[in-house]
file coords_6.txt (compact mmCIF, C-alpha atoms)
# COMPACT_ATOMS: atom_id res chain seq x y z
CA LEU A 1 -21.94 46.05 69.23
CA LEU A 2 -24.39 48.19 67.33
CA PHE A 3 -23.06 51.39 68.90
CA LYS A 4 -19.36 50.44 68.79
CA LYS A 5 -17.11 52.96 66.99
CA PHE A 6 -14.25 52.05 64.74
CA ASP A 7 -11.15 54.11 63.99
CA THR A 8 -11.30 55.34 60.37
CA GLY A 9 -8.06 57.31 60.43
CA PRO A 10 -5.46 57.17 57.72
CA SER A 11 -3.60 53.94 57.32
CA LYS A 12 -0.17 53.86 58.81
CA LYS A 13 1.19 51.68 56.00
CA PRO A 14 3.61 53.54 53.71
CA VAL A 15 2.30 54.24 50.23
CA ALA A 16 4.57 53.06 47.44
CA GLU A 17 5.74 55.84 45.16
CA ARG A 18 4.80 55.62 41.49
CA PRO A 19 7.74 55.12 39.19
CA GLN A 20 8.49 58.15 37.07
CA LYS A 21 8.26 57.77 33.32
CA VAL A 22 11.60 57.61 31.64
CA GLN A 23 11.76 59.73 28.54
CA LEU A 24 13.23 57.75 25.69
CA LYS A 25 15.78 59.49 23.57
CA LEU A 26 15.34 59.00 19.85
CA PRO A 27 18.45 57.98 17.96
CA GLU A 28 19.97 60.60 15.77
CA ALA A 29 19.26 60.27 12.08
CA PRO A 30 22.19 59.42 9.84
CA PRO A 31 23.61 62.25 7.74
CA PHE A 32 21.64 62.99 4.56
CA VAL A 33 24.67 63.12 2.32
CA THR A 34 27.83 61.15 2.95
CA GLY A 35 30.97 60.34 1.08
CA TYR A 36 32.02 63.94 0.32
CA ASP A 37 34.11 66.59 2.04
CA LYS A 38 32.48 69.37 4.07
CA GLU A 39 32.34 71.93 1.27
CA GLU A 40 30.81 69.54 -1.23
CA THR A 41 28.36 68.24 1.35
CA LYS A 42 27.33 71.80 2.20
CA ARG A 43 26.82 72.66 -1.48
CA ILE A 44 24.68 69.57 -2.13
CA ARG A 45 22.65 70.23 1.00
CA ALA A 46 21.97 73.80 -0.12
CA LEU A 47 20.82 72.58 -3.52
CA LEU A 48 18.49 70.00 -1.99
CA PHE A 49 16.85 72.49 0.35
CA LYS A 50 16.60 75.28 -2.19
CA GLN A 51 13.05 76.61 -2.69
CA PHE A 52 11.66 77.65 -6.02
CA ASP A 53 8.79 80.02 -6.76
CA LEU A 54 7.05 78.86 -9.88
CA LYS A 55 5.09 82.12 -10.19
CA SER A 56 8.24 84.18 -10.50
CA GLU A 57 9.65 82.07 -13.36
CA PRO A 58 9.75 83.90 -16.71
CA PRO A 59 7.14 82.69 -19.24
CA VAL A 60 8.30 80.37 -21.89
CA GLU A 61 8.44 82.05 -25.24
CA GLU A 62 6.29 80.42 -27.82
CA THR A 63 8.19 79.57 -30.91
CA LYS A 64 6.57 80.22 -34.14
CA ALA A 65 5.82 77.17 -36.19
CA ALA A 66 8.14 76.92 -39.05
CA ALA A 67 6.53 77.38 -42.39
CA PRO A 68 6.21 74.14 -44.30
CA VAL A 69 8.81 73.70 -46.92
CA GLU A 70 7.35 72.99 -50.26
CA GLU A 71 9.08 70.10 -51.97
CA ALA A 72 9.63 70.21 -55.62
CA VAL A 73 7.36 67.73 -57.35
CA GLU A 74 8.58 66.37 -60.59
CA PRO A 75 5.95 66.36 -63.29
CA ILE A 76 4.77 62.94 -64.43
CA SER A 77 5.71 62.23 -67.96
CA THR A 78 2.81 61.30 -70.19
CA ASP A 79 5.00 60.06 -73.00
CA VAL A 80 4.71 56.24 -72.95
CA LYS A 81 5.94 55.58 -76.45
CA GLY A 82 9.53 54.91 -75.50
CA GLN A 83 8.71 52.96 -72.34
CA GLU A 84 8.51 49.16 -72.20
CA TYR A 85 6.22 47.22 -69.88
CA GLU A 86 8.00 45.08 -67.31
CA PRO A 87 5.84 42.46 -65.57
CA PRO A 88 6.09 42.35 -61.78
CA ALA A 89 8.32 39.77 -60.21
CA SER A 90 6.61 36.55 -59.13
CA VAL A 91 5.59 36.46 -55.52
CA LEU A 92 6.53 32.80 -55.24
CA SER A 93 10.21 32.16 -54.96
CA ALA A 94 12.00 29.67 -57.13
CA GLY A 95 11.88 27.02 -54.41
CA SER A 96 8.17 27.33 -53.60
CA GLY A 97 6.53 26.77 -56.96
CA PRO A 98 4.22 23.96 -58.09
CA ASP A 99 7.17 21.74 -58.99
CA SER A 100 8.65 21.93 -55.50
CA MET A 101 5.25 21.26 -53.93
CA ALA A 102 4.78 18.22 -56.16
CA LYS A 103 8.23 16.97 -55.18
CA ALA A 104 7.40 17.41 -51.49
CA ILE A 105 4.12 15.49 -51.90
CA LYS A 106 5.90 12.75 -53.83
CA ALA A 107 8.58 12.46 -51.16
CA GLY A 108 5.91 12.24 -48.47
CA LEU A 109 4.03 9.51 -50.34
CA LEU A 110 7.24 7.56 -50.85
CA GLY A 111 7.94 7.81 -47.13
CA VAL A 112 4.46 6.50 -46.29
CA VAL A 113 4.81 3.62 -48.77
CA ALA A 114 8.20 2.71 -47.33
CA LEU A 115 6.79 2.75 -43.79
CA ILE A 116 3.87 0.52 -44.81
CA ALA A 117 6.27 -1.88 -46.53
CA ILE A 118 8.39 -2.09 -43.39
CA ILE A 119 5.32 -2.77 -41.22
CA ILE A 120 4.03 -5.48 -43.60
CA GLY A 121 7.45 -7.12 -43.76
CA ALA A 122 7.75 -7.12 -39.98
CA SER A 123 4.22 -8.56 -39.70
CA PHE A 124 5.02 -11.46 -42.06
CA SER A 125 8.23 -12.13 -40.18
CA ASN A 126 6.44 -12.17 -36.82
CA GLN A 127 3.67 -14.44 -38.15
CA SER A 128 6.21 -17.04 -39.29
CA LYS A 129 7.43 -17.57 -35.71
CA PHE A 130 6.03 -20.37 -33.51
CA TYR A 131 6.47 -20.97 -29.79
CA LEU A 132 5.95 -24.11 -27.68
CA LYS A 133 5.10 -23.88 -23.98
CA HIS A 134 4.56 -26.60 -21.35
CA VAL A 135 1.46 -25.72 -19.29
CA ASP A 136 -0.21 -28.17 -16.86
CA GLY A 137 0.82 -31.35 -18.68
CA ALA A 138 -0.02 -29.96 -22.12
CA VAL A 139 1.97 -28.37 -24.89
CA GLN A 140 0.61 -25.03 -26.08
CA VAL A 141 1.39 -23.89 -29.60
CA TRP A 142 1.64 -20.11 -29.95
CA ARG A 143 2.11 -18.17 -33.14
CA GLY A 144 3.09 -14.59 -33.88
CA LYS A 145 0.27 -12.28 -34.93
CA PHE A 146 0.16 -10.57 -38.30
CA ALA A 147 1.63 -7.49 -36.70
CA PRO A 148 5.13 -6.28 -35.89
CA THR A 149 4.77 -7.71 -32.36
CA GLY A 150 2.46 -9.96 -30.34
CA THR A 151 1.52 -13.66 -30.18
CA GLU A 152 -1.70 -15.68 -30.04
CA LEU A 153 -2.58 -19.19 -28.87
CA VAL A 154 -3.17 -21.60 -31.78
CA LEU A 155 -4.01 -24.84 -29.96
CA SER A 156 -3.24 -26.87 -26.86
CA LEU A 157 -2.02 -30.48 -27.17
CA ASP A 158 -3.15 -32.37 -24.06
CA ASP A 159 -1.16 -35.27 -22.60
CA MET A 160 1.86 -34.56 -24.75
CA GLU A 161 5.52 -34.27 -23.91
CA ILE A 162 8.35 -33.02 -26.10
CA SER A 163 11.51 -35.07 -25.82
CA GLN A 164 13.93 -32.48 -27.16
CA PRO A 165 14.54 -29.25 -25.21
CA VAL A 166 12.09 -26.48 -25.97
CA ARG A 167 13.69 -23.70 -27.98
CA ASP A 168 12.77 -20.03 -27.95
CA VAL A 169 11.46 -19.90 -31.52
CA TYR A 170 10.31 -22.56 -34.00
CA SER A 171 9.55 -22.42 -37.69
CA LYS A 172 6.48 -23.76 -39.47
CA LYS A 173 8.45 -26.73 -40.84
CA GLU A 174 9.43 -27.69 -37.31
CA VAL A 175 6.05 -27.28 -35.60
CA TYR A 176 3.69 -28.80 -38.19
CA PRO A 177 5.19 -32.35 -38.04
CA ILE A 178 4.80 -32.30 -34.25
CA VAL A 179 1.13 -31.30 -34.42
CA PHE A 180 0.44 -33.70 -37.31
CA GLY A 181 1.89 -36.65 -35.43
CA TYR A 182 -0.11 -35.75 -32.31
CA PHE A 183 -3.50 -35.85 -34.07
CA GLN A 184 -2.60 -38.95 -36.08
CA ASP A 185 -1.71 -40.79 -32.88
CA LYS A 186 -5.01 -39.66 -31.35
CA ALA A 187 -6.92 -41.11 -34.32
CA ASP A 188 -5.06 -44.42 -34.05
CA ALA A 189 -5.74 -44.63 -30.31
CA SER A 190 -9.48 -44.14 -30.91
CA LEU A 191 -9.55 -47.36 -32.97
CA ASN A 192 -8.60 -49.39 -29.89
CA GLU A 193 -11.20 -48.07 -27.47
CA PRO A 194 -12.94 -50.79 -25.42
CA GLU A 195 -16.40 -49.77 -26.64
CA GLY A 196 -15.34 -49.90 -30.26
CA PRO A 197 -14.01 -47.29 -32.64
CA ASP A 198 -15.71 -43.90 -32.62
CA PHE A 199 -15.57 -42.99 -36.30
CA ALA A 200 -16.80 -39.43 -35.68
CA LYS A 201 -13.94 -38.77 -33.26
CA ILE A 202 -11.44 -40.47 -35.57
CA LYS A 203 -12.54 -38.31 -38.50
CA ARG A 204 -12.23 -35.17 -36.37
CA TYR A 205 -8.66 -36.05 -35.42
CA LEU A 206 -7.78 -36.87 -39.02
CA HIS A 207 -9.19 -33.57 -40.30
CA GLN A 208 -7.07 -31.71 -37.75
CA ALA A 209 -4.03 -33.74 -38.78
CA ALA A 210 -4.64 -32.92 -42.45
CA SER A 211 -4.63 -29.18 -41.72
CA TYR A 212 -1.12 -29.53 -40.22
CA ALA A 213 0.31 -32.03 -42.72
CA PRO A 214 3.86 -30.86 -43.50
CA THR A 215 3.90 -32.46 -46.97
CA GLU A 216 1.43 -33.18 -49.73
CA ALA A 217 2.09 -36.93 -49.45
CA LEU A 218 1.06 -36.98 -45.78
CA ARG A 219 -2.05 -34.95 -46.59
CA ASN A 220 -3.03 -37.48 -49.29
CA MET A 221 -2.49 -40.31 -46.83
CA VAL A 222 -4.91 -38.69 -44.39
CA GLU A 223 -7.47 -38.22 -47.17
CA VAL A 224 -7.23 -41.95 -47.99
CA ARG A 225 -7.93 -42.81 -44.36
CA LEU A 226 -10.93 -40.47 -44.28
CA ASN A 227 -12.31 -42.01 -47.47
CA GLY A 228 -11.76 -45.47 -46.01
CA ILE A 229 -13.87 -44.60 -42.97
CA ASP A 230 -16.71 -43.31 -45.16
CA PHE A 231 -16.42 -46.47 -47.28
CA LEU A 232 -16.72 -48.74 -44.24
CA VAL A 233 -19.71 -46.81 -42.86
CA LEU A 234 -21.61 -47.03 -46.16
CA LEU A 235 -20.73 -50.69 -46.55
CA HIS A 236 -22.04 -51.38 -43.06
CA LYS A 237 -25.31 -49.57 -43.83
CA ALA A 238 -25.70 -51.68 -46.99
CA ASP A 239 -25.18 -54.89 -45.00
CA VAL A 240 -27.81 -53.86 -42.44
CA ALA A 241 -30.34 -53.10 -45.19
CA LEU A 242 -29.50 -56.39 -46.93
CA ILE A 243 -30.17 -58.32 -43.74
CA LYS A 244 -33.65 -56.78 -43.42
CA GLY A 245 -34.47 -58.22 -46.85
CA THR A 246 -37.42 -56.05 -47.86
CA LEU A 247 -37.52 -54.48 -51.28
CA PRO A 248 -37.20 -50.88 -49.96
CA ASP A 249 -34.27 -51.97 -47.77
CA LEU A 250 -32.60 -53.67 -50.70
CA GLU A 251 -32.98 -50.49 -52.74
CA THR A 252 -31.37 -48.58 -49.84
CA ALA A 253 -28.52 -51.10 -49.75
CA LYS A 254 -27.95 -50.68 -53.47
CA ALA A 255 -27.84 -46.85 -53.09
CA CYS A 256 -25.32 -47.11 -50.23
CA LEU A 257 -23.08 -49.36 -52.32
CA ASP A 258 -23.22 -46.94 -55.25
CA LYS A 259 -22.22 -44.07 -52.96
CA ALA A 260 -19.45 -46.15 -51.38
CA GLY A 261 -17.90 -46.49 -54.83
CA LEU A 262 -16.96 -42.79 -54.63
CA TYR A 263 -14.71 -43.51 -51.63
CA ALA A 264 -13.11 -46.74 -52.86
CA SER A 265 -9.39 -46.09 -53.24
CA SER A 266 -7.98 -49.60 -53.59
CA ASP A 267 -8.58 -52.65 -55.76
CA TYR A 268 -9.67 -54.62 -52.73
CA GLN A 269 -12.44 -52.13 -51.96
CA ARG A 270 -13.63 -52.07 -55.57
CA GLU A 271 -13.72 -55.89 -55.71
CA LEU A 272 -15.64 -55.97 -52.43
CA LEU A 273 -18.24 -53.58 -53.85
CA VAL A 274 -18.75 -55.75 -56.92
CA LYS A 275 -19.47 -58.80 -54.75
CA ARG A 276 -21.87 -56.87 -52.49
CA LYS A 277 -23.79 -55.46 -55.44
CA ALA A 278 -24.14 -58.95 -56.91
CA VAL A 279 -25.64 -60.19 -53.65
CA VAL A 280 -28.12 -57.30 -53.54
CA ASP A 281 -29.13 -57.87 -57.17
CA ARG A 282 -29.82 -61.57 -56.51
CA ALA A 283 -31.91 -60.68 -53.46
CA ILE A 284 -33.98 -58.20 -55.46
CA ALA A 285 -34.47 -60.77 -58.25
CA ALA A 286 -35.59 -63.37 -55.71
CA LEU A 287 -38.23 -61.02 -54.31
CA ALA A 288 -39.46 -60.19 -57.79
CA ALA A 289 -39.83 -63.89 -58.65
CA LYS A 290 -42.19 -64.54 -55.75

call {"tool": "encode", "arguments": {"input": "coords_6.txt", "output": "structure tokens"}}
result
Amino acid sequence: LLFKKFDTGPSKKPVAERPQKVQLKLPEAPPFVTGYDKEETKRIRALLFKQFDLKSEPPVEETKAAAPVEEAVEPISTDVKGQEYEPPASVLSAGSGPDSMAKAIKAGLLGVVALIAIIIGASFSNQSKFYLKHVDGAVQVWRGKFAPTGTELVLSLDDMEISQPVRDVYSKKEVYPIVFGYFQDKADASLNEPEGPDFAKIKRYLHQAASYAPTEALRNMVEVRLNGIDFLVLLHKADVALIKGTLPDLETAKACLDKAGLYASSDYQRELLVKRKAVVDRAIAALAAK
């Protein structure tokens, strides 16, 4: 195998011929000038391809500058005797003087005042409107703000129902009796509590009722009830001091009765005070006699 010879002659397979390059033919350019006949096209073509030699052009002749023409100047007359002085016209026009500016400022101020008046009027109108809303078993009283628009919550009346249908807008005369009656009923209900009347709670309800009293007569009625509560409290303190029987306690009882006289609003209360004072005076005299 090492000394075996192999045939290295030319291959018998046919060699494929290389394809010859095809020369591409460029398309002819379109004519330079179109739209004319042959003579006109030939003339334009000759003009376009005409060559010019700038060196052979004749020099441009320099034109002499024209001499300046002297204008005749009129002499200024120095004779001012026959001339009258005329002041220059005002720069400001007739419509832009101080008077027109003052009128513009005045008109602007009047416009601002009118706008403020409209806003204040709308604010008063909005504040006079009341609204009632049922929310979770309570009646909320809303009132318009002192502004052209907007509302704010005034108070919420718990455990209250309105029999008549709720309207969109209420007036002060319609809402105040409703609120007044609500707080007055609350004060009356506090008198019948099982543990006894809570005078502090009753007075709080009555003060709230007085602030929503629709008439002066109802407000005076609430004031009488408030004075009656203060009268009863002072009378009770005087009775407690009288029961203790010591001289300092009797002096305290006498002071309470004197203060209760400021809240007595009926003949019955005044007569009751006279009797209590007589009892206190006899007790003081009895202690002094010992």

call {"tool": "atom_distance", "arguments": {"input": "coords_6.txt", "atom1": "atom CA of Arg219 of chain A", "atom2": "atom CA of Ser266 of chain A"}}
result
17.3 Å

call {"tool": "closest_residue", "arguments": {"input": "coords_6.txt", "among": "A:Lys106, A:Lys237, A:His134, A:Lys203", "to": "Arg225 of chain A", "atoms": "only C-alpha atoms"}}
result
A:Lys203

call {"tool": "closest_residue", "arguments": {"input": "coords_6.txt", "among": "A:Ala241, A:Val233, A:Glu271, A:Met221", "to": "Lys259 of chain A", "atoms": "all atoms listed in the file"}}
result
A:Val233

call {"tool": "closest_residue", "arguments": {"input": "coords_6.txt", "among": "A:Asn227, A:Ser211, A:Ser125, A:Ser190", "to": "Gln269 of chain A", "atoms": "all atoms listed in the file"}}
result
A:Asn227

call {"tool": "residues_around", "arguments": {"input": "coords_6.txt", "residues": "Ile178 of chain A", "least_positions_apart": "3", "cutoff": "9 Å", "atoms": "only C-alpha atoms", "output": "list of chain:residue names"}}
result
A:Ile162, A:Glu174, A:Val175, A:Gly181, A:Tyr182, A:Tyr212

call {"tool": "closest_residue", "arguments": {"input": "coords_6.txt", "among": "A:Leu273, A:Ala107, A:Leu47, A:Cys256", "to": "Leu234 of chain A", "atoms": "all atoms listed in the file"}}
result
A:Cys256

call {"tool": "atom_distance", "arguments": {"input": "coords_6.txt", "atom1": "atom CA of Leu115 of chain A", "atom2": "atom CA of Gly150 of chain A"}}
result
19.0 Å

call {"tool": "closest_residue", "arguments": {"input": "coords_6.txt", "among": "A:Glu193, A:Ser265, A:Ile119, A:Arg204", "to": "Val224 of chain A", "atoms": "all atoms listed in the file"}}
result
A:Ser265

call {"tool": "residues_around", "arguments": {"input": "coords_6.txt", "residues": "Leu250 of chain A", "least_positions_apart": "5", "cutoff": "12 Å", "atoms": "all atoms listed in the file", "output": "number ranges by chain"}}
result
A: 237-245, 255-257, 276-288

call {"tool": "atom_distance", "arguments": {"input": "coords_6.txt", "atom1": "atom CA of Pro177 of chain A", "atom2": "atom CA of Leu191 of chain A"}}
result
21.6 Å

call {"tool": "residues_around", "arguments": {"input": "coords_6.txt", "residues": "Gln127 of chain A", "least_positions_apart": "2", "cutoff": "12 Å", "atoms": "all atoms listed in the file", "output": "NGL selection string"}}
result
:A and (120-125 or 129-131 or 142-152 or 154 or 169-172)

call {"tool": "write_last_selection", "arguments": {"input": "coords_6.txt", "atoms": "C-alpha atoms", "output": "mmCIF file, keeping the file's coordinate frame"}}
result
data_model
loop_
_atom_site.group_PDB
_atom_site.id
_atom_site.type_symbol
_atom_site.label_atom_id
_atom_site.label_comp_id
_atom_site.auth_asym_id
_atom_site.auth_seq_id
_atom_site.Cartn_x
_atom_site.Cartn_y
_atom_site.Cartn_z
ATOM 1 C CA ILE A 120 4.030 -5.480 -43.600
ATOM 2 C CA GLY A 121 7.450 -7.120 -43.760
ATOM 3 C CA ALA A 122 7.750 -7.120 -39.980
ATOM 4 C CA SER A 123 4.220 -8.560 -39.700
ATOM 5 C CA PHE A 124 5.020 -11.460 -42.060
ATOM 6 C CA SER A 125 8.230 -12.130 -40.180
ATOM 7 C CA LYS A 129 7.430 -17.570 -35.710
ATOM 8 C CA PHE A 130 6.030 -20.370 -33.510
ATOM 9 C CA TYR A 131 6.470 -20.970 -29.790
ATOM 10 C CA TRP A 142 1.640 -20.110 -29.950
ATOM 11 C CA ARG A 143 2.110 -18.170 -33.140
ATOM 12 C CA GLY A 144 3.090 -14.590 -33.880
ATOM 13 C CA LYS A 145 0.270 -12.280 -34.930
ATOM 14 C CA PHE A 146 0.160 -10.570 -38.300
ATOM 15 C CA ALA A 147 1.630 -7.490 -36.700
ATOM 16 C CA PRO A 148 5.130 -6.280 -35.890
ATOM 17 C CA THR A 149 4.770 -7.710 -32.360
ATOM 18 C CA GLY A 150 2.460 -9.960 -30.340
ATOM 19 C CA THR A 151 1.520 -13.660 -30.180
ATOM 20 C CA GLU A 152 -1.700 -15.680 -30.040
ATOM 21 C CA VAL A 154 -3.170 -21.600 -31.780
ATOM 22 C CA VAL A 169 11.460 -19.900 -31.520
ATOM 23 C CA TYR A 170 10.310 -22.560 -34.000
ATOM 24 C CA SER A 171 9.550 -22.420 -37.690
ATOM 25 C CA LYS A 172 6.480 -23.760 -39.470
#

call {"tool": "axis_aligned_box", "arguments": {"input": "coords_6.txt", "around": "segment 217-235 of chain A", "padding_each_side": "5 Å", "output": "lines of an AutoDock Vina configuration file"}}
result
center_x = -9.8
center_y = -42.8
center_z = -46.2
size_x = 33.7
size_y = 25.7
size_z = 16.6

call {"tool": "residues_around", "arguments": {"input": "coords_6.txt", "residues": "Tyr263 of chain A", "least_positions_apart": "6", "cutoff": "7 Å", "atoms": "only C-alpha atoms", "output": "ChimeraX atom specification"}}
result
/A:227-228,230-231
